[in-house]
Each structure stands twice: as structure tokens, then as C-alpha cells.
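Text of entry-v2.cif, listed as mmCIF, C-alpha atoms:
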```cif
data_entry
#
loop_
_atom_site.label_atom_id
_atom_site.label_comp_id
_atom_site.auth_asym_id
_atom_site.auth_seq_id
_atom_site.Cartn_x
_atom_site.Cartn_y
_atom_site.Cartn_z
CA VAL A 164 109.96 173.64 128.00
CA ASN A 165 111.09 174.05 131.66
CA ASP A 166 108.78 171.21 132.63
CA THR A 167 110.30 168.92 129.98
CA VAL A 168 113.82 169.67 131.18
CA PHE A 169 112.95 168.39 134.67
CA VAL A 170 110.74 165.44 133.68
CA TRP A 171 112.39 163.75 130.73
CA PRO A 172 115.73 162.87 132.38
CA PHE A 173 113.73 160.76 134.85
CA VAL A 174 111.62 159.36 132.00
CA TYR A 175 114.79 158.24 130.17
CA LEU A 176 116.27 156.80 133.38
CA ILE A 177 113.12 154.83 134.21
CA PHE A 178 112.83 153.62 130.61
CA LEU A 179 116.45 152.40 130.76
CA MET A 180 115.69 150.54 133.99
CA LEU A 181 112.62 148.92 132.46
CA LEU A 182 114.74 147.85 129.50
CA ILE A 183 117.27 146.25 131.86
CA PHE A 184 114.45 144.61 133.81
CA SER A 185 113.04 143.02 130.63
CA LYS A 186 116.43 141.66 129.53
CA LYS A 187 117.42 139.86 132.75
CA GLU A 188 115.54 136.66 133.64
CA THR A 189 116.62 137.00 137.29
CA PHE A 190 114.72 140.26 137.60
CA ARG A 191 111.60 138.77 136.00
CA THR A 192 111.42 135.84 138.43
CA GLU A 193 112.22 137.41 141.82
CA THR A 194 109.30 138.98 143.69
CA ARG A 195 111.12 142.12 144.79
CA TYR A 196 112.25 142.90 141.24
CA ILE A 197 108.81 142.15 139.78
CA LEU A 198 107.27 144.69 142.17
CA PHE A 199 110.09 147.12 141.39
CA GLY A 200 109.46 146.71 137.65
CA HIS A 201 105.78 147.43 138.23
CA SER A 202 106.72 150.49 140.28
CA LEU A 203 108.90 151.73 137.42
CA LEU A 204 106.10 151.20 134.90
CA VAL A 205 103.65 153.10 137.10
CA ASP A 206 106.11 155.97 137.58
CA LEU A 207 106.80 156.13 133.83
CA MET A 208 103.09 156.30 132.98
CA PHE A 209 102.47 158.92 135.65
CA LEU A 210 105.35 161.18 134.59
CA PHE A 211 104.45 160.93 130.92
CA LEU A 212 100.73 161.67 131.41
CA THR A 213 101.17 164.43 134.00
CA ASP A 214 103.87 166.08 131.90
CA PHE A 215 101.49 166.03 128.93
CA VAL A 216 98.65 167.54 130.99
CA VAL A 217 100.85 170.19 132.64
CA LEU A 218 102.22 171.25 129.24
CA LEU A 219 98.67 171.63 127.92
CA SER A 220 97.67 173.74 130.92
CA TYR A 221 100.86 175.81 130.88
CA ASN A 222 100.29 176.66 127.21
CA PHE A 223 96.55 177.36 127.73
CA VAL A 224 95.50 174.49 125.44
CA LEU A 225 91.91 173.39 126.03
CA ILE A 226 90.57 170.04 124.80
CA PRO A 227 87.04 168.54 124.84
CA LEU A 228 86.10 167.16 128.21
CA HIS A 229 85.16 163.71 126.88
CA PHE A 230 88.77 163.33 125.66
CA CYS A 231 90.05 164.30 129.12
CA ILE A 232 88.00 161.64 130.90
CA PRO A 233 90.08 158.55 129.89
CA ILE A 234 93.32 160.47 130.52
CA CYS A 235 92.13 161.47 133.99
CA MET A 236 90.97 157.92 134.74
CA VAL A 237 94.37 156.44 133.87
CA MET A 238 96.19 159.16 135.84
CA GLU A 239 94.02 158.49 138.89
CA ALA A 240 94.51 154.72 138.69
CA VAL A 241 98.27 155.15 138.28
CA ALA A 242 98.47 157.65 141.16
CA VAL A 243 96.60 155.28 143.51
CA SER A 244 98.53 152.19 142.46
CA ALA A 245 101.89 153.81 143.32
CA PRO A 246 101.46 153.83 147.15
CA LEU A 247 99.83 150.38 147.03
CA THR A 248 102.92 149.07 145.24
CA ILE A 249 105.12 150.73 147.87
CA GLY A 250 103.19 148.90 150.59
CA ALA A 251 103.58 145.58 148.76
CA MET A 252 107.34 146.13 148.38
CA CYS A 253 107.68 146.85 152.11
CA MET A 254 105.77 143.67 152.99
CA GLU A 255 108.09 141.69 150.71
CA ARG A 256 111.15 143.06 152.53
CA TYR A 257 109.50 142.24 155.86
CA VAL A 258 108.96 138.61 154.81
CA ALA A 259 112.48 138.33 153.37
CA ILE A 260 114.20 139.59 156.53
CA CYS A 261 111.88 138.45 159.33
CA MET A 262 110.80 135.14 157.78
CA PRO A 263 113.85 134.05 155.77
CA LEU A 264 113.00 130.33 155.87
CA ARG A 265 109.49 130.89 154.50
CA HIS A 266 110.40 133.69 152.10
CA HIS A 267 110.75 131.54 148.96
CA ALA A 268 107.47 129.76 149.72
CA ILE A 269 105.53 132.99 150.36
CA SER A 270 107.11 135.40 147.86
CA THR A 271 106.66 133.66 144.53
CA SER A 272 106.49 135.29 141.10
CA ARG A 273 102.90 134.05 140.66
CA ARG A 274 101.80 135.72 143.91
CA ALA A 275 103.62 138.90 142.90
CA LEU A 276 101.62 139.02 139.66
CA LEU A 277 98.39 138.39 141.61
CA VAL A 278 99.27 141.28 143.94
CA ILE A 279 99.85 143.55 140.94
CA LEU A 280 96.47 142.50 139.49
CA MET A 281 94.77 143.29 142.82
CA ILE A 282 96.52 146.68 142.93
CA TRP A 283 95.16 147.62 139.51
CA ILE A 284 91.66 146.41 140.40
CA LEU A 285 91.61 148.44 143.62
CA SER A 286 93.06 151.55 141.97
CA SER A 287 90.55 151.39 139.09
CA ILE A 288 87.38 151.15 141.18
CA ASN A 289 87.07 154.84 142.03
CA PRO A 290 87.78 156.18 138.48
CA PHE A 291 85.16 153.88 136.95
CA VAL A 292 82.57 154.77 139.61
CA ASP A 293 83.19 158.49 139.05
CA MET A 294 82.98 158.03 135.27
CA PHE A 295 79.60 156.25 135.46
CA ILE A 296 78.23 158.90 137.83
CA LEU A 297 79.47 161.70 135.58
CA ILE A 298 78.02 160.19 132.40
CA SER A 299 74.66 159.54 134.04
CA THR A 300 74.29 162.96 135.71
CA ALA A 301 76.16 165.52 133.57
CA SER A 302 74.55 167.30 130.65
CA HIS A 303 75.63 166.92 127.03
CA GLU A 304 76.87 170.52 127.02
CA TYR A 305 79.13 169.85 130.00
CA LEU A 306 80.61 166.71 128.45
CA THR A 307 81.45 168.50 125.20
CA GLN A 308 82.90 171.72 126.63
CA LEU A 309 86.57 172.65 126.35
CA THR A 310 88.59 172.38 129.55
CA HIS A 311 91.95 171.76 131.19
CA CYS A 312 92.57 168.12 132.10
CA HIS A 313 92.43 167.46 135.84
CA TYR A 314 90.51 164.85 137.79
CA GLU A 315 88.22 167.36 139.48
CA ILE A 316 86.27 167.79 136.21
CA MET A 317 84.87 164.28 136.80
CA ILE A 318 83.54 165.17 140.28
CA LEU A 319 80.92 167.90 140.14
CA GLU A 320 79.85 167.84 143.81
CA ARG A 321 82.13 169.51 146.33
CA ILE A 322 81.29 166.94 148.99
CA ARG A 323 82.48 164.09 146.72
CA GLN A 324 85.75 165.92 146.07
CA LEU A 325 86.36 166.17 149.82
CA ALA A 326 85.34 162.53 150.30
CA ARG A 327 87.78 161.44 147.59
CA GLY A 328 90.65 163.28 149.26
CA LEU A 329 89.71 161.94 152.70
CA LEU A 330 89.49 158.36 151.39
CA TYR A 331 92.90 158.71 149.74
CA ILE A 332 94.45 160.09 152.94
CA VAL A 333 92.98 157.21 154.98
CA GLY A 334 94.46 154.73 152.52
CA LEU A 335 97.88 156.37 152.71
CA VAL A 336 97.74 156.36 156.53
CA LEU A 337 96.97 152.63 156.51
CA ILE A 338 99.92 152.00 154.19
CA LEU A 339 102.09 154.18 156.45
CA ILE A 340 101.09 152.06 159.47
CA ILE A 341 102.09 148.93 157.53
CA GLU A 342 105.45 150.47 156.64
CA ILE A 343 106.14 151.53 160.24
CA PHE A 344 105.24 148.01 161.40
CA CYS A 345 107.69 146.54 158.85
CA TYR A 346 110.38 149.00 159.91
CA VAL A 347 109.99 148.14 163.61
CA MET A 348 110.01 144.39 162.96
CA ILE A 349 113.11 144.69 160.77
CA TYR A 350 114.74 146.78 163.50
CA TYR A 351 114.23 143.97 166.00
CA ALA A 352 115.51 141.49 163.42
CA ALA A 353 118.65 143.61 163.06
CA ARG A 354 119.23 143.43 166.82
CA ALA A 355 118.80 139.67 166.91
CA ALA A 356 122.06 137.77 166.94
CA SER A 357 120.75 135.16 164.49
CA GLY A 358 119.59 137.67 161.91
CA ASP A 359 121.51 138.98 158.93
CA LYS A 360 122.30 142.45 160.27
CA ASN A 361 123.61 143.77 156.97
CA LEU A 362 120.42 142.69 155.14
CA ALA A 363 118.25 144.07 157.95
CA SER A 364 120.11 147.40 157.90
CA LYS A 365 119.58 147.68 154.14
CA GLY A 366 115.92 146.80 154.61
CA GLN A 367 115.51 149.57 157.19
CA ARG A 368 117.05 152.16 154.87
CA THR A 369 114.86 150.98 151.99
CA ILE A 370 111.67 151.26 154.04
CA SER A 371 112.78 154.68 155.33
CA LEU A 372 112.97 155.90 151.73
CA HIS A 373 109.57 154.32 151.04
CA ILE A 374 108.12 156.23 154.00
CA LEU A 375 109.58 159.46 152.57
CA GLN A 376 107.99 158.61 149.24
CA LEU A 377 104.64 158.03 150.97
CA PHE A 378 104.80 161.43 152.71
CA LEU A 379 105.43 163.05 149.33
CA CYS A 380 102.34 161.25 148.00
CA MET A 381 100.35 162.64 150.94
CA ALA A 382 101.54 166.15 150.14
CA GLU A 383 100.62 165.58 146.51
CA VAL A 384 97.03 164.76 147.56
CA MET A 385 96.68 168.18 149.18
CA CYS A 386 97.89 170.05 146.08
CA PRO A 387 94.55 170.04 144.14
CA TYR A 388 92.78 171.68 147.10
CA ILE A 389 95.42 174.42 147.30
CA GLU A 390 95.20 174.89 143.54
CA ALA A 391 91.39 175.07 143.70
CA VAL A 392 91.66 178.07 146.05
CA VAL A 393 94.32 179.82 143.95
CA VAL A 394 92.46 179.39 140.65
CA GLN A 395 89.56 181.48 141.99
CA TYR A 396 91.83 184.53 142.14
CA ASP A 397 94.24 184.36 139.21
CA ILE A 398 94.78 181.80 136.43
CA HIS A 399 98.47 182.68 136.07
CA SER A 400 99.09 182.17 139.78
CA TYR A 401 97.20 178.88 139.53
CA LEU A 402 99.45 177.65 136.71
CA THR A 403 102.56 178.71 138.63
CA VAL A 404 101.42 176.93 141.80
CA ARG A 405 100.46 173.83 139.85
CA PHE A 406 103.85 173.77 138.14
CA ILE A 407 105.71 174.13 141.45
CA ASN A 408 103.60 171.39 143.06
CA PHE A 409 104.28 169.13 140.11
CA LEU A 410 108.03 169.61 140.39
CA ALA A 411 108.21 169.49 144.20
CA PHE A 412 105.98 166.50 144.86
CA SER A 413 105.05 164.55 141.73
CA ILE A 414 108.53 164.34 140.20
CA THR A 415 110.36 164.01 143.54
CA SER A 416 108.17 161.15 144.77
CA ARG A 417 108.70 159.30 141.46
CA ALA A 418 112.45 159.90 141.55
CA VAL A 419 112.79 158.05 144.87
CA SER A 420 112.00 154.63 143.35
CA PRO A 421 115.01 154.57 140.98
CA LEU A 422 117.14 155.80 143.89
CA VAL A 423 115.90 153.05 146.23
CA TYR A 424 116.47 150.06 143.97
CA GLY A 425 118.24 151.22 140.85
CA PHE A 426 121.34 152.62 142.53
CA ARG A 427 121.29 150.87 145.93
CA ASP A 428 120.62 147.33 144.72
CA GLU A 429 123.91 145.64 143.77
CA LYS A 430 122.48 143.36 141.05
CA PHE A 431 120.49 146.09 139.36
CA TYR A 432 123.30 148.63 139.65
CA ALA A 433 125.76 146.19 138.05
CA ALA A 434 123.38 145.45 135.17
CA MET A 435 122.67 149.16 134.69
CA SER A 436 126.38 150.01 134.70
CA VAL A 437 127.03 147.48 131.93
CA CYS A 438 124.08 148.79 129.91
CA VAL A 439 125.22 152.41 130.29
CA CYS A 440 128.79 151.50 129.25
CA VAL A 441 127.48 149.71 126.16
CA CYS A 442 125.28 152.67 125.24
CA VAL A 443 128.19 155.09 125.68
CA CYS A 444 130.47 152.90 123.52
CA VAL A 445 127.83 152.65 120.80
CA CYS A 446 127.31 156.43 120.84
CA VAL A 447 131.07 157.04 120.63
CA CYS A 448 131.41 154.58 117.72
CA VAL A 449 128.50 156.21 115.89
CA CYS A 450 130.01 159.68 116.42
CA PHE A 451 133.44 158.58 115.17
CA THR A 452 131.89 156.83 112.16
CA HIS A 453 129.84 159.89 111.32
CA TYR A 454 132.93 162.10 111.71
CA TYR A 455 135.05 159.77 109.50
CA PHE A 456 132.48 159.67 106.70
CA SER A 457 132.04 163.45 106.93
CA LEU A 458 135.78 163.89 106.39
CA ALA A 459 135.80 161.34 103.58
CA LEU A 460 132.93 163.03 101.75
CA SER A 461 134.45 166.49 102.17
#
```

Would you mind giving the structure from this file in C-alpha cells?
Amino acid sequence: VNDTVFVWPFVYLIFLMLLIFSKKETFRTETRYILFGHSLLVDLMFLFLTDFVVLLSYNFVLIPLHFCIPICMVMEAVAVSAPLTIGAMCMERYVAICMPLRHHAISTSRRALLVILMIWILSSINPFVDMFILISTASHEYLTQLTHCHYEIMILERIRQLARGLLYIVGLVLILIIEIFCYVMIYYAARAASGDKNLASKGQRTISLHILQLFLCMAEVMCPYIEAVVVQYDIHSYLTVRFINFLAFSITSRAVSPLVYGFRDEKFYAAMSVCVCVCVCVCVCVCFTHYYFSLALS
């Protein structure tokens, strides 16, 4: 229940933003908003699946391992695609601010969709490889046993678990280097007399928040290794640590995206304000109607 209280407000907020994104043609044609919409979808899937898995673990619910495999594969692909999307969004801001004359030619909606397709292909490679290795090497008894859902059940060898974490860290460091490069180039664009200093300043703040989000993703990568040590001593301590890690890193890193674009972007904030006002008015009308009919029937 505590987990749901923290997660579902962000789920509702992200769902509202996705609804606004689908209604406005402007958001569906501009590269930055297409990538933002993809980021929202990824965050929504991640929060929903991880909340489901954490609730199962917190309530000591075990399910067959072969049912956990597709859930773990989707969670892994979604977790990897999030920082890749962050990197793509930073590159888009770099092109928009440092190459304003070529921005419309480079950042097209078609290329944005191709980038999203590449992100999903790259993020799905490792889960499919691990699935094929698991199916070909694990016994039938292992595949049918009851277990908690976490990705480590798909990697039996300790060395492969360490290699997975190391590969993920290397990828995040590469994305961090790209973001720092974009930040530095935008900084020089802000100092240039010919540049749009207001746009460059906003771009710097946006990339700074993306860098914070990336550091939270890095911390999230280390959580399974900490949890693996704790679980050897006490299952209750393991569940507590896993719950704290989930709140501190998973939810926080996913809450940054709505903050970056949803509330700081003028177009999206205006559309969201109108949508919220309409929803509030509808709710008030429904409440008054219900109250009127209740009085009439009584």
C-alpha cells in the first residue's frame, strides 16, 4: 500500500501527459516532443511493472519462473531505453541551439521515429540473449520453480551478472560524456553574441536535469548488487532495502522527466493547464449533479 501511494501519483501524471501529447498535433510532429513522449511511455511502463513486482515481493507472492521471464525482459529493455532516450534528447537540444539553421533539416519526425526504433533494438539485445542462454542451459525444474521476479533469475553465472552491470555502467558513462559535451557546447553558444541566450540558458538547465537523472540511473544499477548481499542475511531486511532503493532511485529518476518538460516547457505546460482545468470542471459538475439527484431522490 505504501508503495502504491508513492508510485501512482506519478503514474497518473505521466498518463495525463501522454494523453495531452496524443491530442496535440504540434507535439506529434516536433522531434523534441516525440522523444519526450517516448520518454513518458518508457517511464510509465517502468513504474507500472516495477510497482507490480515490488508489491509481489513485499507481500511474499511467488510466481512460476517462466512467467517472470517476459516481465523481466520488458523491464530490462525499458530500463536500458530510458538513458538512451535521455542521450537522444540532449543531442536534439544541442542541434537546436548550436546548429539553429540546420535544426529543421536534421531533427525531423521521421528521424526521431528511427532513433526510437534503434533505441528499442539496442535495449532488447541483451534480454533476448540472456533468455536464449537461460532456456538452453537451465533445467526444467529451474524454469518451473516459484520465485520472486527480478532480472538476476535469468543470469545464473556470477561472472555474467558482473559483466552485465559493468556493460551498463560503461554505456551510462558514454551517455554522460555526450551530455557533458552538449552542455559545454551550449555554454559556449550562450556566451556567443549571435546566439539566443535565453534558449541556450534553458538548454543548459534541461541538460543539467538530464545529467542528474543519469546519475540516478547509475545509482539504480548498483542497487541489485547491494540487495544481493543483504538477501543472504535476512529476507525482511532485503525487502526493506529493495523498497527504499525503489523509492529513492527508480521513482525519483522517473519523476525528473515530467519536471524537465512537463512543467518547464511553455507549450506543454499551457496545454496541461487547460486539460487540468477541464478535468476539474468536469469533476465539479459531476459532483454537483450527483449531489442534486441525491437530494431529489431523498

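Going from atom CA of A:Leu309 to atom CA of A:Leu228 covers 5.8 Å.
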
>> From the options A:Asn222, A:Ile318, A:Thr194, A:Phe169, which residue's atoms come nearest to A:Ala268, counting all atoms listed in the file?
In response: A:Thr194

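If you look at atom CA of A:Leu379 and atom CA of A:Ala275, they are 25.1 Å away from each other.
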
> Taking into account all atoms listed in the file, which residue in the set A:Met208, A:Leu325, A:Leu218, A:Cys253 is nearest to A:His373?
Replying inline: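 Distance minimum relative to A:His373 lands on A:Cys253.
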
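Checking A:Val333, A:Val292, A:Asp428, A:His311 one by one against A:Tyr196, counting all atoms listed in the file, you find the shortest gap at A:Asp428.
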
>> Measuring between only C-alpha atoms, which one of A:Ile232, A:Val243, A:Val168, A:Met348 shows the shortest distance to A:Leu330?
In response: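 Ranked by minimum distance to A:Leu330, first place goes to A:Val243.
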
> Do you know which residues the PyMOL selection byres ((chain A and resi 410-413) around 8) returns on this file, as a PyMOL selection string?
Replying inline: chain A and resi 166+169+210+379-380+382-383+406-409+414-417

>> Show me, as a VMD selection string, the residues that have an atom within 12 Å of A:Val174 when counting all atoms listed in the file, minus same-chain residues fewer than 6 positions from it.
In response: chain A and resid 167 to 168 180 to 181 203 to 214 414 417 to 418 421

Residues near A:Cys261, anyone? I mean within 7 Å using all atoms listed in the file, not counting same-chain ones fewer than 4 positions away, as a PDB file with C-alpha atoms, in the frame of the given file.
```pdb
ATOM      1  CA  TYR A 257     109.500 142.240 155.860  1.00  0.00           C
ATOM      2  CA  ILE A 349     113.110 144.690 160.770  1.00  0.00           C
ATOM      3  CA  ALA A 352     115.510 141.490 163.420  1.00  0.00           C
TER       4      ALA A 352
END
```

>> Under the rule that only C-alpha atoms are counted, which of A:Ile279, A:Cys231, A:Ile338, A:Cys345 is the nearest residue to A:Gln308?
In response: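 Checking each of A:Ile279, A:Cys231, A:Ile338, A:Cys345 against A:Gln308, counting only C-alpha atoms, the winner is A:Cys231.
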
>> For the PyMOL selection byres ((chain A and resi 401) around 12), applied here, can you spell out every residue it catches as a list in words?
In response: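 What the PyMOL selection byres ((chain A and resi 401) around 12) grabs from the file is Val217, Ser220, Tyr221, Phe223, Cys386, Pro387, Tyr388, Ile389, Glu390, Ala391, Val392, Val393, Val394, Gln395, Tyr396, Asp397, Ile398, His399, Ser400, Leu402, Thr403, Val404, Arg405, Phe406, Ile407 and Asn408 of chain A.
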
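For A:Met435, the set of protein, DNA and RNA residues having any atom at most 10 Å away, when counting all atoms listed in the file and skipping those fewer than 4 positions along the same chain, is A:Leu179, A:Met180, A:Leu182, A:Ile183, A:Phe184, A:Gly425, A:Phe426, A:Glu429, A:Lys430, A:Phe431, A:Val439, A:Cys440, A:Val441.
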
Please complete stretch 285-308 of chain A so it has N, CA, C and O atoms, and hand it over as a CSV table (one decimal), keeping the file's coordinate frame.
```
chain,number,residue,atom,x,y,z
A,285,LEU,N,92.0,147.5,142.6
A,285,LEU,CA,91.6,148.4,143.6
A,285,LEU,C,91.8,149.9,143.2
A,285,LEU,O,90.9,150.7,143.5
A,286,SER,N,92.8,150.2,142.4
A,286,SER,CA,93.1,151.6,142.0
A,286,SER,C,92.1,152.0,140.9
A,286,SER,O,92.0,153.2,140.6
A,287,SER,N,91.5,151.0,140.2
A,287,SER,CA,90.6,151.4,139.1
A,287,SER,C,89.1,151.5,139.5
A,287,SER,O,88.3,152.0,138.7
A,288,ILE,N,88.8,151.1,140.7
A,288,ILE,CA,87.4,151.2,141.2
A,288,ILE,C,86.8,152.6,141.2
A,288,ILE,O,85.8,152.9,140.6
A,289,ASN,N,87.6,153.5,141.9
A,289,ASN,CA,87.1,154.8,142.0
A,289,ASN,C,87.0,155.6,140.7
A,289,ASN,O,85.9,156.3,140.5
A,290,PRO,N,87.9,155.5,139.8
A,290,PRO,CA,87.8,156.2,138.5
A,290,PRO,C,86.6,155.7,137.7
A,290,PRO,O,85.9,156.5,137.1
A,291,PHE,N,86.3,154.4,137.7
A,291,PHE,CA,85.2,153.9,137.0
A,291,PHE,C,83.8,154.3,137.6
A,291,PHE,O,82.9,154.6,136.9
A,292,VAL,N,83.8,154.3,138.9
A,292,VAL,CA,82.6,154.8,139.6
A,292,VAL,C,82.3,156.2,139.3
A,292,VAL,O,81.2,156.6,139.0
A,293,ASP,N,83.4,157.1,139.4
A,293,ASP,CA,83.2,158.5,139.0
A,293,ASP,C,82.8,158.7,137.6
A,293,ASP,O,82.0,159.6,137.3
A,294,MET,N,83.3,157.9,136.7
A,294,MET,CA,83.0,158.0,135.3
A,294,MET,C,81.5,157.7,135.0
A,294,MET,O,80.8,158.5,134.3
A,295,PHE,N,81.0,156.6,135.6
A,295,PHE,CA,79.6,156.2,135.5
A,295,PHE,C,78.7,157.3,136.1
A,295,PHE,O,77.6,157.6,135.5
A,296,ILE,N,79.1,157.8,137.2
A,296,ILE,CA,78.2,158.9,137.8
A,296,ILE,C,78.2,160.1,137.0
A,296,ILE,O,77.2,160.8,136.7
A,297,LEU,N,79.4,160.5,136.4
A,297,LEU,CA,79.5,161.7,135.6
A,297,LEU,C,78.6,161.5,134.3
A,297,LEU,O,77.9,162.5,133.9
A,298,ILE,N,78.8,160.4,133.6
A,298,ILE,CA,78.0,160.2,132.4
A,298,ILE,C,76.5,160.2,132.6
A,298,ILE,O,75.7,160.7,131.8
A,299,SER,N,76.1,159.7,133.8
A,299,SER,CA,74.7,159.5,134.0
A,299,SER,C,74.0,160.8,134.6
A,299,SER,O,72.8,161.0,134.5
A,300,THR,N,74.8,161.7,135.1
A,300,THR,CA,74.3,163.0,135.7
A,300,THR,C,74.6,164.2,135.0
A,300,THR,O,73.8,165.2,135.0
A,301,ALA,N,75.7,164.3,134.2
A,301,ALA,CA,76.2,165.5,133.6
A,301,ALA,C,75.4,165.7,132.3
A,301,ALA,O,75.0,164.8,131.6
A,302,SER,N,75.2,167.0,131.9
A,302,SER,CA,74.6,167.3,130.6
A,302,SER,C,75.5,167.1,129.4
A,302,SER,O,76.7,167.0,129.6
A,303,HIS,N,74.9,167.1,128.3
A,303,HIS,CA,75.6,166.9,127.0
A,303,HIS,C,76.5,168.1,126.8
A,303,HIS,O,77.7,168.0,126.3
A,304,GLU,N,76.1,169.3,127.2
A,304,GLU,CA,76.9,170.5,127.0
A,304,GLU,C,78.1,170.5,127.9
A,304,GLU,O,79.2,170.9,127.5
A,305,TYR,N,78.0,169.9,129.1
A,305,TYR,CA,79.1,169.8,130.0
A,305,TYR,C,80.2,168.9,129.5
A,305,TYR,O,81.4,169.1,129.5
A,306,LEU,N,79.7,167.7,128.9
A,306,LEU,CA,80.6,166.7,128.4
A,306,LEU,C,81.3,167.1,127.2
A,306,LEU,O,82.4,166.5,126.8
A,307,THR,N,80.8,168.1,126.5
A,307,THR,CA,81.4,168.5,125.2
A,307,THR,C,82.2,169.8,125.3
A,307,THR,O,82.8,170.3,124.3
A,308,GLN,N,82.2,170.4,126.5
A,308,GLN,CA,82.9,171.7,126.6
A,308,GLN,C,84.4,171.6,126.6
A,308,GLN,O,85.0,170.5,126.9
```
